[in-house]
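Enquirer: Sharing a structure with you now.
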Amino acid sequence: MFKIDWPRSGLRAHAERLVTACPAPWSYIATAQAYDEEMHQRIALHRSRRGAGWTTIEAPLDLAGAIGALPDGQPVLIDCLTLWLTNHMLAEHNCDAECRGLADVLSRPRGPWFVVSNEVGQGIVPDNALARRFRDAAGRLNQDVASVADTVLLMVAGLPLKVK
């Protein structure tokens, strides 16, 4: 299942509920990197919401490898694609190749997967080249992942809207 987020929409909590409806153990693949105290606090809050049964895997760059290393049948929550993409852009990696590799891994699921991403293309066109490049790459990535997902939800004001 692929879920697209509007900021502060309740997406992550909803995704966690969907994952925990599957039998434990569950994996949480985190792509965030804490570069400042505020982000450390956000990560700690997310960790505190998850109880027993969760294994956290930090994969700020090698998301495809982390997914591939999971045991067959294990439910996984991937949080979040747009942070993962940001990490690759900041590292000046070949984002197109990284995104193709990720979509390929997700097209061959070995268990239930749930992906969090952000919808960044519904606002105004950004005023700088890097932000436009990010918005375009995130839009392509979301389309590629959504194309291999069984279900796509868009979260708005805490409400899941089924897109696919």
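In the structure tokens, chains take letters A, B, ... by order of appearance, with residues numbered from 1 within each chain and ligands from 1 in the order shown.
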Within 12 Å of A:Ser27, counting only C-alpha atoms, which residues show up once you throw out same-chain ones fewer than 6 positions away? Write them as a PDB file with N, CA and C atoms, in the first residue's frame, please.

Expert:
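As a result, around06.pdb now contains:
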```
ATOM      1  N   GLU A  16       0.774   3.341  10.656  1.00  0.00           N
ATOM      2  CA  GLU A  16       1.147   2.429  11.742  1.00  0.00           C
ATOM      3  C   GLU A  16      -0.023   1.529  12.125  1.00  0.00           C
ATOM      4  N   VAL A  19      -0.310  -1.209   9.457  1.00  0.00           N
ATOM      5  CA  VAL A  19       0.736  -2.228   9.593  1.00  0.00           C
ATOM      6  C   VAL A  19       0.439  -3.147  10.764  1.00  0.00           C
ATOM      7  N   THR A  20       0.030  -2.586  11.907  1.00  0.00           N
ATOM      8  CA  THR A  20      -0.197  -3.415  13.090  1.00  0.00           C
ATOM      9  C   THR A  20      -1.463  -4.261  12.981  1.00  0.00           C
ATOM     10  N   ARG A  50       5.602   3.751  18.681  1.00  0.00           N
ATOM     11  CA  ARG A  50       5.642   2.334  18.335  1.00  0.00           C
ATOM     12  C   ARG A  50       5.992   1.527  19.579  1.00  0.00           C
ATOM     13  N   GLY A  51       5.249   0.477  19.798  1.00  0.00           N
ATOM     14  CA  GLY A  51       5.482  -0.363  20.968  1.00  0.00           C
ATOM     15  C   GLY A  51       6.249  -1.615  20.611  1.00  0.00           C
ATOM     16  N   ALA A  52       6.030  -2.642  21.417  1.00  0.00           N
ATOM     17  CA  ALA A  52       6.671  -3.933  21.198  1.00  0.00           C
ATOM     18  C   ALA A  52       6.226  -4.500  19.860  1.00  0.00           C
ATOM     19  N   GLY A  53       7.081  -5.281  19.255  1.00  0.00           N
ATOM     20  CA  GLY A  53       6.769  -5.905  17.979  1.00  0.00           C
ATOM     21  C   GLY A  53       7.404  -5.199  16.796  1.00  0.00           C
ATOM     22  N   TRP A  54       7.902  -3.975  17.025  1.00  0.00           N
ATOM     23  CA  TRP A  54       8.521  -3.191  15.950  1.00  0.00           C
ATOM     24  C   TRP A  54      10.036  -3.325  15.978  1.00  0.00           C
ATOM     25  N   THR A  55      10.626  -3.453  14.806  1.00  0.00           N
ATOM     26  CA  THR A  55      12.067  -3.349  14.637  1.00  0.00           C
ATOM     27  C   THR A  55      12.320  -2.143  13.742  1.00  0.00           C
ATOM     28  N   THR A  56      13.158  -1.232  14.208  1.00  0.00           N
ATOM     29  CA  THR A  56      13.475  -0.046  13.420  1.00  0.00           C
ATOM     30  C   THR A  56      14.787  -0.261  12.681  1.00  0.00           C
ATOM     31  N   ILE A  57      14.736   0.024  11.394  1.00  0.00           N
ATOM     32  CA  ILE A  57      15.912  -0.075  10.528  1.00  0.00           C
ATOM     33  C   ILE A  57      16.144   1.316   9.956  1.00  0.00           C
ATOM     34  N   GLU A  58      17.333   1.851  10.154  1.00  0.00           N
ATOM     35  CA  GLU A  58      17.638   3.163   9.600  1.00  0.00           C
ATOM     36  C   GLU A  58      18.290   2.985   8.241  1.00  0.00           C
ATOM     37  N   ALA A  59      17.660   3.568   7.230  1.00  0.00           N
ATOM     38  CA  ALA A  59      18.146   3.438   5.858  1.00  0.00           C
ATOM     39  C   ALA A  59      17.978   4.771   5.130  1.00  0.00           C
ATOM     40  N   ALA A  66      17.656  -2.305   2.317  1.00  0.00           N
ATOM     41  CA  ALA A  66      16.975  -2.582   3.585  1.00  0.00           C
ATOM     42  C   ALA A  66      15.705  -3.384   3.352  1.00  0.00           C
ATOM     43  N   ILE A  67      14.961  -3.042   2.324  1.00  0.00           N
ATOM     44  CA  ILE A  67      13.743  -3.791   1.999  1.00  0.00           C
ATOM     45  C   ILE A  67      14.101  -5.214   1.592  1.00  0.00           C
ATOM     46  N   ALA A  69      16.536  -6.997   2.494  1.00  0.00           N
ATOM     47  CA  ALA A  69      17.076  -7.786   3.604  1.00  0.00           C
ATOM     48  C   ALA A  69      16.001  -8.259   4.579  1.00  0.00           C
ATOM     49  N   LEU A  70      14.763  -7.805   4.401  1.00  0.00           N
ATOM     50  CA  LEU A  70      13.693  -8.214   5.324  1.00  0.00           C
ATOM     51  C   LEU A  70      13.323  -9.680   5.134  1.00  0.00           C
ATOM     52  N   PRO A  71      12.908 -10.351   6.198  1.00  0.00           N
ATOM     53  CA  PRO A  71      12.422 -11.729   6.064  1.00  0.00           C
ATOM     54  C   PRO A  71      11.150 -11.770   5.216  1.00  0.00           C
ATOM     55  N   ASP A  72      10.981 -12.832   4.465  1.00  0.00           N
ATOM     56  CA  ASP A  72       9.765 -13.006   3.665  1.00  0.00           C
ATOM     57  C   ASP A  72       8.534 -12.926   4.554  1.00  0.00           C
ATOM     58  N   GLY A  73       7.535 -12.223   4.078  1.00  0.00           N
ATOM     59  CA  GLY A  73       6.259 -12.141   4.771  1.00  0.00           C
ATOM     60  C   GLY A  73       6.166 -11.076   5.844  1.00  0.00           C
ATOM     61  N   GLN A  74       7.278 -10.431   6.192  1.00  0.00           N
ATOM     62  CA  GLN A  74       7.252  -9.448   7.282  1.00  0.00           C
ATOM     63  C   GLN A  74       6.659  -8.127   6.808  1.00  0.00           C
ATOM     64  N   PRO A  75       5.629  -7.635   7.503  1.00  0.00           N
ATOM     65  CA  PRO A  75       5.062  -6.326   7.160  1.00  0.00           C
ATOM     66  C   PRO A  75       6.085  -5.217   7.433  1.00  0.00           C
ATOM     67  N   VAL A  76       6.116  -4.237   6.543  1.00  0.00           N
ATOM     68  CA  VAL A  76       7.079  -3.144   6.679  1.00  0.00           C
ATOM     69  C   VAL A  76       6.398  -1.806   6.414  1.00  0.00           C
ATOM     70  N   LEU A  77       6.784  -0.839   7.230  1.00  0.00           N
ATOM     71  CA  LEU A  77       6.375   0.554   7.024  1.00  0.00           C
ATOM     72  C   LEU A  77       7.628   1.327   6.641  1.00  0.00           C
ATOM     73  N   ILE A  78       7.595   1.952   5.481  1.00  0.00           N
ATOM     74  CA  ILE A  78       8.715   2.747   4.973  1.00  0.00           C
ATOM     75  C   ILE A  78       8.340   4.211   5.146  1.00  0.00           C
ATOM     76  N   ASP A  79       9.147   4.930   5.919  1.00  0.00           N
ATOM     77  CA  ASP A  79       8.839   6.321   6.252  1.00  0.00           C
ATOM     78  C   ASP A  79      10.104   7.158   6.097  1.00  0.00           C
ATOM     79  N   GLY A 111       6.150  -9.473   1.092  1.00  0.00           N
ATOM     80  CA  GLY A 111       5.279  -9.324   2.246  1.00  0.00           C
ATOM     81  C   GLY A 111       4.534  -8.013   2.096  1.00  0.00           C
ATOM     82  N   PRO A 112       3.641  -7.715   3.031  1.00  0.00           N
ATOM     83  CA  PRO A 112       2.898  -6.452   2.937  1.00  0.00           C
ATOM     84  C   PRO A 112       3.815  -5.256   3.177  1.00  0.00           C
ATOM     85  N   TRP A 113       3.736  -4.281   2.306  1.00  0.00           N
ATOM     86  CA  TRP A 113       4.507  -3.068   2.505  1.00  0.00           C
ATOM     87  C   TRP A 113       3.593  -1.850   2.476  1.00  0.00           C
ATOM     88  N   PHE A 114       3.965  -0.871   3.296  1.00  0.00           N
ATOM     89  CA  PHE A 114       3.232   0.374   3.443  1.00  0.00           C
ATOM     90  C   PHE A 114       4.257   1.493   3.331  1.00  0.00           C
ATOM     91  N   VAL A 115       4.006   2.433   2.461  1.00  0.00           N
ATOM     92  CA  VAL A 115       4.982   3.481   2.178  1.00  0.00           C
ATOM     93  C   VAL A 115       4.364   4.839   2.452  1.00  0.00           C
TER      94      VAL A 115
END
```

Enquirer: Ranking A:Gly121, A:Leu154, A:Leu102, A:Asp136 by minimum distance to A:Arg12 and counting only C-alpha atoms, which one comes first?

Expert: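 Of A:Gly121, A:Leu154, A:Leu102, A:Asp136, the one nearest A:Arg12, counting only C-alpha atoms, is A:Leu154.
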
Enquirer: Which residue out of A:Leu85, A:Ala91, A:Ala157, A:Ile43 has the minimum interatomic distance to A:Gly139 when only C-alpha atoms are used?

Expert: A:Leu85

Enquirer: Looking at only C-alpha atoms, which of A:Val120, A:Leu63, A:Ala129, A:Leu153 is the one that sits closest to A:Glu98?

Expert: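 Distance minimum relative to A:Glu98 lands on A:Leu63.
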
Enquirer: Among chain A, which ones does DSSP place in strand (DSSP E), written as number ranges by chain?

Expert: A: 2-5, 26-30, 54-58, 76-79, 113-118, 152-156, 159-162
